[in-house]
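Novice: Please find data.txt (compact mmCIF, C-alpha atoms) on the next line:
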```txt
# COMPACT_ATOMS: atom_id res chain seq x y z
CA MET A 22 69.97 73.61 88.15
CA THR A 23 70.70 76.47 90.53
CA MET A 24 74.21 76.48 91.98
CA PRO A 25 74.45 77.04 95.74
CA PRO A 26 75.90 80.44 96.68
CA GLU A 27 79.64 80.48 97.30
CA LYS A 28 80.52 80.32 100.98
CA LYS A 29 81.86 83.64 102.20
CA ILE A 30 85.06 84.09 104.18
CA ARG A 31 84.07 84.93 107.76
CA VAL A 32 86.16 87.68 109.37
CA LEU A 33 86.45 88.56 113.06
CA VAL A 34 87.31 92.27 113.44
CA VAL A 35 89.31 93.18 116.55
CA ASP A 36 89.72 96.89 117.38
CA ASP A 37 89.01 99.03 120.44
CA SER A 38 87.74 101.92 118.28
CA ALA A 39 84.04 101.77 117.41
CA PHE A 40 84.70 104.06 114.47
CA MET A 41 87.48 101.86 113.08
CA CYS A 42 85.37 98.74 113.56
CA LYS A 43 82.68 100.42 111.45
CA VAL A 44 85.25 101.40 108.78
CA LEU A 45 86.67 97.88 108.60
CA GLN A 46 83.21 96.34 108.56
CA GLU A 47 82.23 98.50 105.58
CA ILE A 48 85.39 97.55 103.69
CA ILE A 49 85.00 93.84 104.41
CA ASN A 50 81.27 93.59 103.73
CA SER A 51 81.66 95.51 100.45
CA ASP A 52 83.58 92.53 99.03
CA PRO A 53 81.25 89.76 97.81
CA GLN A 54 83.64 87.06 99.06
CA LEU A 55 83.94 88.40 102.61
CA GLU A 56 81.66 89.02 105.57
CA VAL A 57 82.15 90.20 109.15
CA ALA A 58 81.33 87.36 111.52
CA GLY A 59 81.83 89.36 114.70
CA GLN A 60 83.62 92.25 116.41
CA ALA A 61 85.82 92.33 119.50
CA ARG A 62 86.75 95.50 121.36
CA ASP A 63 89.89 94.18 123.07
CA GLY A 64 92.19 91.18 123.07
CA ARG A 65 90.26 89.39 125.79
CA ASP A 66 87.09 89.43 123.68
CA ALA A 67 89.13 88.45 120.63
CA VAL A 68 90.40 85.25 122.27
CA ALA A 69 86.89 84.27 123.38
CA LEU A 70 85.29 85.01 119.98
CA ALA A 71 88.08 83.25 118.09
CA GLU A 72 87.08 80.12 119.99
CA SER A 73 83.29 80.49 119.81
CA LEU A 74 82.89 81.90 116.29
CA ARG A 75 85.79 80.03 114.65
CA PRO A 76 86.24 82.70 111.98
CA ASP A 77 88.17 81.98 108.80
CA VAL A 78 90.46 84.96 109.45
CA ILE A 79 90.95 87.69 112.07
CA THR A 80 91.93 91.36 111.69
CA MET A 81 93.90 92.33 114.81
CA ASP A 82 94.73 95.77 116.18
CA ILE A 83 97.83 95.98 118.41
CA ASN A 84 97.20 98.82 120.87
CA MET A 85 94.12 97.87 122.93
CA PRO A 86 93.18 97.93 126.64
CA HIS A 87 93.12 94.95 129.02
CA VAL A 88 94.76 92.45 126.63
CA ASP A 89 96.61 93.97 123.70
CA GLY A 90 96.87 92.59 120.19
CA LEU A 91 100.23 90.92 120.77
CA GLN A 92 98.99 89.06 123.83
CA ALA A 93 95.79 88.10 122.01
CA THR A 94 97.74 86.87 118.99
CA GLU A 95 99.96 84.72 121.17
CA MET A 96 96.98 83.27 123.05
CA ILE A 97 94.96 82.55 119.90
CA MET A 98 97.91 80.96 118.09
CA SER A 99 98.66 78.84 121.14
CA GLN A 100 95.11 77.76 122.00
CA HIS A 101 92.81 78.01 118.96
CA PRO A 102 94.98 78.97 115.97
CA ARG A 103 93.32 81.08 113.28
CA PRO A 104 94.89 83.11 110.46
CA ILE A 105 95.52 86.66 111.72
CA VAL A 106 96.16 89.82 109.69
CA ILE A 107 97.47 92.75 111.74
CA VAL A 108 95.58 95.99 110.98
CA SER A 109 97.26 98.64 113.07
CA SER A 110 98.62 102.16 113.00
CA GLU A 111 101.90 100.58 114.15
CA SER A 112 102.20 99.08 110.68
CA ARG A 113 102.46 102.66 109.44
CA GLU A 114 104.26 104.40 112.29
CA GLY A 115 106.63 101.75 113.62
CA ALA A 116 107.71 98.21 112.96
CA SER A 117 108.42 96.69 116.35
CA GLY A 118 104.92 95.60 117.34
CA THR A 119 103.98 94.39 113.89
CA LEU A 120 107.17 92.34 113.56
CA ARG A 121 106.55 90.84 116.99
CA ALA A 122 103.05 89.84 115.89
CA LEU A 123 104.45 88.20 112.75
CA GLU A 124 106.95 86.37 114.92
CA LEU A 125 104.06 85.08 117.05
CA GLY A 126 102.29 83.66 114.01
CA ALA A 127 100.29 86.47 112.37
CA ILE A 128 100.16 85.95 108.61
CA ASP A 129 100.48 89.50 107.30
CA PHE A 130 99.80 93.15 108.10
CA VAL A 131 98.02 96.19 106.66
CA PRO A 132 98.58 99.80 107.82
CA LYS A 133 95.42 101.02 109.53
CA PRO A 134 93.58 103.75 107.60
CA SER A 135 94.17 107.02 109.42
CA SER A 136 90.67 108.42 108.80
CA GLY A 137 87.33 107.53 107.30
CA ILE A 138 87.47 109.68 104.20
CA ASP A 139 86.83 107.95 100.88
CA LEU A 140 90.34 108.57 99.54
CA ASP A 141 91.91 106.92 102.58
CA MET A 142 89.55 103.96 102.35
CA ARG A 143 90.49 103.34 98.73
CA SER A 144 94.17 103.33 99.70
CA VAL A 145 93.79 100.27 101.91
CA ARG A 146 90.63 98.55 100.67
CA ASP A 147 92.24 96.44 97.95
CA GLU A 148 95.27 95.51 100.07
CA LEU A 149 93.14 94.52 103.05
CA THR A 150 90.63 92.39 101.14
CA ARG A 151 93.39 90.72 99.12
CA LYS A 152 95.37 89.80 102.23
CA LEU A 153 92.31 88.56 104.10
CA LYS A 154 91.46 86.21 101.22
CA MET A 155 95.04 84.96 101.08
CA ALA A 156 95.25 84.47 104.86
CA ALA A 157 91.99 82.51 104.92
CA LYS A 158 93.63 79.86 102.73
CA VAL A 159 96.55 79.34 105.10
CA ARG A 160 96.62 76.12 107.10
CA VAL A 161 97.45 77.30 110.61
CA VAL A 162 98.92 74.31 112.40
CA ARG A 163 101.68 75.68 114.59
CA THR A 164 101.24 77.29 117.97
CA ALA A 165 102.91 80.60 118.68
CA THR A 166 106.25 80.35 120.40
CA ARG A 167 108.89 82.99 120.87
CA VAL A 168 112.03 81.99 119.02
CA LYS A 169 114.19 80.20 121.55
CA THR A 170 117.76 79.24 120.99
CA ALA A 171 120.68 77.71 122.76
CA VAL A 172 122.12 81.22 122.95
CA ALA A 173 120.40 81.71 126.29
CA SER A 174 122.23 78.78 127.83
CA ALA A 175 125.52 79.19 125.99
CA PRO A 176 128.35 81.10 127.66
CA ALA A 177 128.26 84.71 126.51
CA PRO A 178 131.39 86.38 125.12
CA ALA A 179 133.34 88.47 127.58
CA ASN A 180 131.97 91.73 126.16
CA GLY A 181 128.39 90.43 126.15
CA LYS A 182 128.15 90.69 122.37
CA ALA A 183 128.20 88.25 119.50
CA ARG A 184 131.60 87.43 118.07
CA THR A 185 133.17 89.65 115.44
CA PRO A 186 133.02 88.50 111.82
CA VAL A 187 135.90 86.54 110.35
CA PRO A 188 137.87 88.64 107.84
CA ALA A 189 138.10 87.38 104.27
CA PRO A 190 140.99 84.90 103.93
CA PRO A 191 144.14 86.01 102.10
CA ASN A 192 145.17 85.09 98.57
CA GLY A 193 141.65 85.32 97.15
CA THR A 194 140.30 82.39 99.14
CA LYS A 195 136.50 82.40 99.17
CA PHE A 196 134.04 81.17 101.77
CA PRO A 197 130.45 79.99 101.32
CA ILE A 198 127.74 82.62 100.85
CA VAL A 199 124.21 81.67 101.90
CA VAL A 200 121.27 83.57 100.39
CA ILE A 201 117.99 83.14 102.29
CA ALA A 202 114.85 84.32 100.47
CA ALA A 203 111.40 84.64 102.08
CA SER A 204 108.11 86.51 101.87
CA THR A 205 104.80 85.87 103.68
CA GLY A 206 105.58 84.16 106.97
CA GLY A 207 109.24 85.02 106.46
CA PRO A 208 110.13 87.03 109.58
CA ALA A 209 109.34 84.18 111.99
CA ALA A 210 110.93 81.58 109.69
CA VAL A 211 114.11 83.62 109.25
CA MET A 212 114.40 84.14 113.00
CA LYS A 213 114.15 80.39 113.50
CA VAL A 214 116.90 79.70 110.95
CA VAL A 215 119.23 82.48 112.11
CA ALA A 216 118.89 81.39 115.74
CA GLY A 217 120.23 77.98 114.77
CA PHE A 218 123.55 79.14 113.34
CA PRO A 219 126.54 78.35 115.60
CA ARG A 220 128.98 80.98 116.81
CA ASP A 221 131.76 79.57 114.60
CA PHE A 222 129.63 79.53 111.42
CA SER A 223 132.13 79.89 108.56
CA ALA A 224 129.92 81.45 105.90
CA ALA A 225 128.34 84.80 105.12
CA VAL A 226 124.53 85.05 105.08
CA LEU A 227 122.48 87.41 102.90
CA LEU A 228 118.82 87.79 103.87
CA VAL A 229 116.37 88.97 101.20
CA LEU A 230 112.81 89.37 102.48
CA HIS A 231 109.83 91.03 100.84
CA MET A 232 109.61 93.57 103.65
CA PRO A 233 108.88 97.33 103.61
CA ALA A 234 111.88 99.62 103.95
CA ALA A 235 110.65 100.97 107.29
CA PHE A 236 110.75 97.47 108.78
CA THR A 237 114.21 96.16 107.94
CA LYS A 238 116.12 98.32 110.43
CA GLN A 239 113.91 97.12 113.28
CA PHE A 240 114.08 93.53 112.06
CA THR A 241 117.88 93.76 112.13
CA LEU A 242 117.69 94.65 115.82
CA GLN A 243 115.34 91.74 116.55
CA LEU A 244 117.59 89.30 114.72
CA SER A 245 120.58 90.60 116.67
CA GLU A 246 118.83 89.69 119.91
CA ILE A 247 118.59 85.99 119.02
CA SER A 248 121.64 85.50 116.79
CA ARG A 249 125.06 84.22 117.83
CA LEU A 250 126.45 86.03 114.75
CA PRO A 251 126.64 89.77 114.09
CA VAL A 252 123.64 91.06 112.11
CA LYS A 253 123.46 94.32 110.15
CA GLU A 254 121.59 96.02 107.36
CA ALA A 255 123.66 95.65 104.21
CA GLU A 256 125.52 98.77 103.03
CA ALA A 257 126.66 99.57 99.52
CA ASN A 258 130.30 98.76 98.64
CA GLU A 259 131.10 96.86 101.83
CA ALA A 260 133.10 93.68 101.43
CA ILE A 261 131.20 90.54 102.47
CA GLN A 262 132.76 88.80 105.46
CA SER A 263 132.41 85.27 106.76
CA GLY A 264 130.51 84.87 110.02
CA MET A 265 128.30 87.87 109.27
CA ILE A 266 124.58 88.19 108.52
CA TYR A 267 123.46 90.95 106.15
CA LEU A 268 119.81 91.98 105.78
CA CYS A 269 118.88 93.60 102.48
CA PRO A 270 117.18 96.98 103.05
CA GLY A 271 113.55 96.85 101.99
CA SER A 272 114.05 99.82 99.68
CA HIS A 273 116.81 98.24 97.56
CA HIS A 274 117.80 95.24 95.50
CA LEU A 275 120.99 93.53 96.70
CA ARG A 276 123.63 92.17 94.34
CA VAL A 277 127.21 90.95 94.81
CA SER A 278 129.97 92.35 92.63
CA ALA A 279 132.72 90.38 90.90
CA THR A 280 135.04 91.43 93.75
CA GLY A 281 132.74 90.22 96.54
CA LYS A 282 131.28 93.59 97.52
CA ILE A 283 127.64 94.38 98.20
CA MET A 284 125.85 96.50 95.60
CA LEU A 285 122.52 98.13 96.48
CA ASP A 286 120.16 99.30 93.76
CA PRO A 287 117.22 101.53 94.76
CA GLY A 288 115.52 100.73 91.48
CA LEU A 289 111.97 99.77 90.59
CA ARG A 290 110.42 96.42 91.38
CA ILE A 291 111.80 93.48 89.43
CA GLU A 292 109.00 91.14 88.32
CA GLY A 293 106.87 92.70 91.05
CA TYR A 294 109.39 92.29 93.89
CA LEU A 295 111.42 94.79 95.92
CA PRO A 296 113.79 93.46 97.11
CA CYS A 297 114.08 90.76 94.46
CA ALA A 298 115.70 87.51 95.58
CA ASN A 299 116.54 86.53 92.01
CA ALA A 300 118.85 89.55 91.71
CA ALA A 301 120.86 88.47 94.76
CA LEU A 302 120.91 84.78 93.87
CA GLU A 303 122.08 85.23 90.30
CA THR A 304 125.01 87.47 91.27
CA VAL A 305 126.02 85.26 94.21
CA ALA A 306 126.00 82.29 91.82
CA ALA A 307 128.35 84.12 89.46
CA TYR A 308 130.69 85.16 92.27
CA SER A 309 130.68 82.10 94.55
CA ARG A 310 130.02 79.29 92.06
CA LEU A 311 130.05 75.98 94.00
CA LEU A 312 130.35 77.91 97.29
CA ALA A 313 126.84 79.38 96.88
CA ILE A 314 123.94 78.10 98.96
CA ALA A 315 120.36 79.17 98.20
CA VAL A 316 117.61 78.74 100.80
CA VAL A 317 113.98 79.40 99.85
CA LEU A 318 111.56 79.83 102.75
CA THR A 319 107.82 80.43 103.03
CA GLY A 320 106.22 83.05 100.81
CA MET A 321 103.80 83.87 98.04
CA GLY A 322 104.82 84.11 94.41
CA ASN A 323 107.75 82.72 92.43
CA ASP A 324 110.65 84.98 93.43
CA ALA A 325 113.88 82.93 93.77
CA ALA A 326 112.85 80.34 91.14
CA LYS A 327 115.11 81.83 88.47
CA GLY A 328 117.89 82.38 90.98
CA VAL A 329 118.00 78.81 92.25
CA ARG A 330 118.37 77.53 88.69
CA THR A 331 121.41 79.77 88.29
CA ILE A 332 122.83 78.68 91.65
CA LYS A 333 122.49 75.04 90.63
CA ALA A 334 123.93 75.63 87.14
CA CYS A 335 127.03 77.17 88.73
CA GLY A 336 127.59 74.19 91.02
CA GLY A 337 125.93 75.57 94.15
CA TYR A 338 123.44 73.95 96.52
CA VAL A 339 119.71 74.66 97.00
CA ILE A 340 117.50 74.06 100.03
CA ALA A 341 113.73 74.66 100.18
CA GLN A 342 111.36 74.70 103.14
CA ASP A 343 108.79 71.90 103.07
CA GLU A 344 105.05 72.44 102.69
CA ALA A 345 104.07 71.26 106.16
CA SER A 346 106.14 73.94 107.93
CA SER A 347 105.50 76.77 105.42
CA VAL A 348 102.91 79.44 106.09
CA ILE A 349 102.57 79.81 102.31
CA PHE A 350 104.10 77.12 100.11
CA GLY A 351 104.40 79.41 97.08
CA MET A 352 108.07 80.34 96.75
CA PRO A 353 109.41 76.96 97.93
CA ALA A 354 107.00 75.10 95.61
CA GLU A 355 108.06 77.19 92.60
CA ALA A 356 111.72 76.57 93.43
CA ILE A 357 111.10 72.82 93.70
CA LYS A 358 109.34 72.82 90.31
CA THR A 359 112.58 74.00 88.66
CA GLY A 360 114.31 70.73 89.56
CA ALA A 361 117.20 72.69 91.08
CA VAL A 362 116.41 71.96 94.73
CA ASP A 363 118.75 69.49 96.47
CA GLU A 364 116.91 69.22 99.79
CA VAL A 365 113.34 69.89 100.94
CA VAL A 366 113.51 70.38 104.69
CA ASP A 367 111.26 71.13 107.66
CA LEU A 368 111.85 74.63 109.05
CA ASP A 369 113.26 73.21 112.29
CA GLU A 370 115.99 71.40 110.34
CA ILE A 371 117.05 74.11 107.89
CA SER A 372 119.83 75.63 110.03
CA ALA A 373 121.42 72.20 110.43
CA ALA A 374 121.07 71.48 106.70
CA ILE A 375 122.84 74.73 105.85
CA GLU A 376 125.59 74.07 108.37
CA ARG A 377 126.17 70.58 106.99
CA ARG A 378 126.66 72.01 103.52
CA VAL A 379 128.99 74.75 104.78
CA VAL A 380 131.16 72.13 106.53
CA LYS A 381 131.18 70.00 103.39
CA PHE A 382 132.24 72.99 101.30
CA SER A 383 135.18 73.60 103.58
CA LYS A 384 136.40 70.10 102.79
CA LEU A 385 135.73 70.39 99.06
CA VAL A 386 137.55 73.66 98.46
CA PRO A 387 141.32 73.58 98.95
CA ALA A 388 143.08 76.42 100.71
CA GLY A 389 143.81 79.31 98.38
CA ALA A 390 141.10 78.22 95.89
```
Please express the file's structure as structure tokens.
Specialist:
Amino acid sequence: MTMPPEKKIRVLVVDDSAFMCKVLQEIINSDPQLEVAGQARDGRDAVALAESLRPDVITMDINMPHVDGLQATEMIMSQHPRPIVIVSSESREGASGTLRALELGAIDFVPKPSSGIDLDMRSVRDELTRKLKMAAKVRVVRTATRVKTAVASAPAPANGKARTPVPAPPNGTKFPIVVIAASTGGPAAVMKVVAGFPRDFSAAVLLVLHMPAAFTKQFTLQLSEISRLPVKEAEANEAIQSGMIYLCPGSHHLRVSATGKIMLDPGLRIEGYLPCANAALETVAAYSRLLAIAVVLTGMGNDAAKGVRTIKACGGYVIAQDEASSVIFGMPAEAIKTGAVDEVVDLDEISAAIERRVVKFSKLVPAGA
């Protein structure tokens, strides 16, 4: 009995360059699991073809005439959601546009090949086809919305800036440390969680995302725009302070020392990850014990699974994002499988769940503990 041929993943290519459309078409059609379903030369065409062709996944350029890739992404994710992978020179040259696209609901990004030579094609071919196949499996159910918070309606501080961090209490008193780990789909999810923290949040937050080094500085700026708390890229040897959000640089692993200082290691990947969430979680567990809170958000792979077991073994608390609100239910699912997760929560409720635990910690730990 002859088996029917496997259904190919249909890709809509969006790019204003005829040459780049040809390059991408050759890469996509060279993979036996993929095929180009159509091509759009600007964002306006992309929106129309996303509706009429209903592709399994879309490659989206950012800089295009008439309607750019960001506008098209927002319109598609609001009207006829499809998985989108950003393929843009901005992914190589700058992070702002790509991060904005991820915030609007794009699944992932690939730096656009800078020329058509064979060597350059080989450098992106595997990454592009792998990410297109992964994106095609994503259940896109949420419309694109800019992260909105109560910050806009809350009275601003006199100087127009977020409040200053709370210094570490005297006599060795500790405060809760929250470690938030995320990968694919992480930028938008982290923005949602960070935007929900109140101005008087009495914990420190460490963010560990699988994000290229060139992106974390820009992401820090974007988080600062929507956060009530100060946000900064973590620096080596600085003492962690309550009421502060620290983003791990994409080029380093982040650990916490026995004295509560940040350690940055520019080492190789750990189990395939740089940064590695396990490295941060295990050291925070050792330092903070029952004052540690682990939060595992959307992402591929199993990073954070080892770390949450350590957090739980040391008396800490573990929260995982639920499947329905995750772009990729890989990291949260692996964390849940360990049996160490205390709560499985919708993305919209994670900030409140963290805050509840921070308030409870403040009642559990006596002054001077």
Novice: Restricting the calculation to only C-alpha atoms: of A:Ala225, A:Val159, A:Ile48, A:Ala373, which residue gets closest to A:Ser346?
Specialist: A:Val159
Novice: Restricting the calculation to all atoms listed in the file, which member of A:Arg62, A:Arg31, A:Ala334, A:Phe240 is positioned closest to A:Arg75?
Specialist: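 Closest residue, counting all atoms listed in the file: A:Arg31.
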Novice: For stretch 246-249 of chain A, find every residue with an atom within 6 Å (counting all atoms listed in the file), except residues of its own chain fewer than 2 positions away, and show them as a PyMOL selection string.
Specialist: chain A and resi 183+216+220+243-244
Novice: Excluding A:Ile107 and residues on its chain fewer than 5 positions from it, collect all residues at most 7 Å away from it, counting all atoms listed in the file, and give them as a PyMOL selection string.
Specialist: chain A and resi 80-82+127+129-131
Novice: Give me the residues within 9 Å of A:Ser272 as a PyMOL selection string, counting all atoms listed in the file and dropping any in the same chain fewer than 3 places off.
Specialist: chain A and resi 232-235+269+286-288+295-296
Novice: Counting only C-alpha atoms, figure out which residue out of A:Ile79, A:Ala341, A:Met96, A:Ala326 gets nearest to A:Glu370.
Specialist: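 Using only C-alpha atoms, the shortest distance to A:Glu370 belongs to A:Ala341.
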Novice: Find the residues of stretch 273-292 of chain A that sit at most 8 Å from stretch 252-263 of chain A; for each, write down the nearest two atoms and how far apart they are in Å, to one decimal. Count all atoms listed in the file. Sort by chain, then by number going up, and give it as JSON lines.
Specialist:
```
{"residue": "A:Gly281", "atom": "CA", "partner": "A:Ala260", "partner_atom": "CA", "distance": 6.0}
{"residue": "A:Lys282", "atom": "CA", "partner": "A:Ala260", "partner_atom": "CA", "distance": 4.3}
{"residue": "A:Ile283", "atom": "CA", "partner": "A:Asn258", "partner_atom": "CA", "distance": 5.1}
{"residue": "A:Met284", "atom": "CA", "partner": "A:Ala257", "partner_atom": "CA", "distance": 5.0}
{"residue": "A:Leu285", "atom": "CA", "partner": "A:Ala257", "partner_atom": "CA", "distance": 5.3}
```
Novice: Please provide the set of residues having any atom within 7 Å of A:Asp89, restricted to all atoms listed in the file, with same-chain residues fewer than 4 positions apart removed, written as a PyMOL selection string.
Specialist: chain A and resi 63-64+83-85+93
Novice: If you count only C-alpha atoms, which residues fall within 9 Å of A:Cys335, apart from same-chain ones fewer than 5 positions away, as a PyMOL selection string?
Specialist: chain A and resi 306-307+309-311+313+330
Novice: Show me the residues around (133.9, 79.7, 98.5) - criterion: an atom at most 9 Å away, all atoms listed in the file counted - as an MDAnalysis selection string.
Specialist: chainID A and resid 194:198 224 308:313 382:383 386 390
Novice: Could you tell me how far atom CA of A:His274 lies from atom CA of A:Gly293, in Å and to one decimal?
Specialist: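 Result for atom CA of A:His274 versus atom CA of A:Gly293: 12.1 Å, one decimal.
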Novice: Find the residue from A:Ala354, A:Val366, A:Leu318, A:Phe222 that sits nearest to A:Val380; use only C-alpha atoms when measuring.
Specialist: A:Phe222
Novice: Rank A:Val317, A:Ala202, A:Val277, A:Val379 by their smallest atom-to-atom distance to A:Ala356, using only C-alpha atoms, and report the top residue only.
Specialist: A:Val317
Novice: Out of A:Gly271, A:Asp37, A:Ile128, A:His87, which residue has the shortest atom-to-atom distance to A:Ala210 when counting all atoms listed in the file?
Specialist: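 Going through A:Gly271, A:Asp37, A:Ile128, A:His87 one by one, the smallest distance to A:Ala210 is for A:Ile128.
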Novice: One decimal, Å: what's the distance from atom CA of A:Ile332 over to atom CA of A:Lys238, could you say?
Specialist: 28.0 Å
Novice: Is it possible to get the residues within 9 Å of (90.6, 77.9, 105.0) (coordinates as in the file, counting all atoms listed in the file) written as an MDAnalysis selection string?
Specialist: chainID A and resid 30 77:78 104 156:161
Novice: Using Å and a single decimal, report how far atom CA of A:Arg121 sits from atom CA of A:Leu33.
Specialist: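 Between these atoms lies a distance of 20.6 Å.
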Novice: Could stretch 360-376 of chain A be completed with N, CA and C atoms and returned as a short mmCIF file (atom, residue, chain, number, x, y, z; two decimals), keeping the file's coordinate frame?
Specialist:
```cif
data_model
loop_
_atom_site.label_atom_id
_atom_site.label_comp_id
_atom_site.auth_asym_id
_atom_site.auth_seq_id
_atom_site.Cartn_x
_atom_site.Cartn_y
_atom_site.Cartn_z
N GLY A 360 113.42 71.89 89.54
CA GLY A 360 114.31 70.73 89.56
C GLY A 360 115.69 71.05 90.12
N ALA A 361 115.88 72.28 90.60
CA ALA A 361 117.20 72.69 91.08
C ALA A 361 117.39 72.48 92.58
N VAL A 362 116.34 72.09 93.28
CA VAL A 362 116.41 71.96 94.73
C VAL A 362 117.05 70.63 95.13
N ASP A 363 118.06 70.69 96.00
CA ASP A 363 118.75 69.49 96.47
C ASP A 363 118.10 68.88 97.69
N GLU A 364 117.54 69.71 98.57
CA GLU A 364 116.91 69.22 99.79
C GLU A 364 115.62 69.99 100.05
N VAL A 365 114.58 69.27 100.46
CA VAL A 365 113.34 69.89 100.94
C VAL A 365 113.25 69.55 102.42
N VAL A 366 113.26 70.58 103.27
CA VAL A 366 113.51 70.38 104.69
C VAL A 366 112.48 71.09 105.55
N ASP A 367 112.10 70.48 106.66
CA ASP A 367 111.26 71.13 107.66
C ASP A 367 112.00 72.35 108.22
N LEU A 368 111.25 73.40 108.55
CA LEU A 368 111.85 74.63 109.05
C LEU A 368 112.80 74.38 110.22
N ASP A 369 112.42 73.48 111.12
CA ASP A 369 113.26 73.21 112.29
C ASP A 369 114.62 72.63 111.93
N GLU A 370 114.75 72.07 110.72
CA GLU A 370 115.99 71.40 110.34
C GLU A 370 116.83 72.20 109.34
N ILE A 371 116.35 73.38 108.96
CA ILE A 371 117.05 74.11 107.89
C ILE A 371 118.42 74.63 108.34
N SER A 372 118.52 75.15 109.55
CA SER A 372 119.83 75.63 110.03
C SER A 372 120.87 74.51 109.96
N ALA A 373 120.50 73.34 110.43
CA ALA A 373 121.42 72.20 110.43
C ALA A 373 121.78 71.79 109.01
N ALA A 374 120.80 71.84 108.10
CA ALA A 374 121.07 71.48 106.70
C ALA A 374 122.05 72.45 106.07
N ILE A 375 121.90 73.73 106.36
CA ILE A 375 122.84 74.73 105.85
C ILE A 375 124.23 74.50 106.42
N GLU A 376 124.28 74.26 107.73
CA GLU A 376 125.59 74.07 108.37
C GLU A 376 126.30 72.84 107.81
#
```
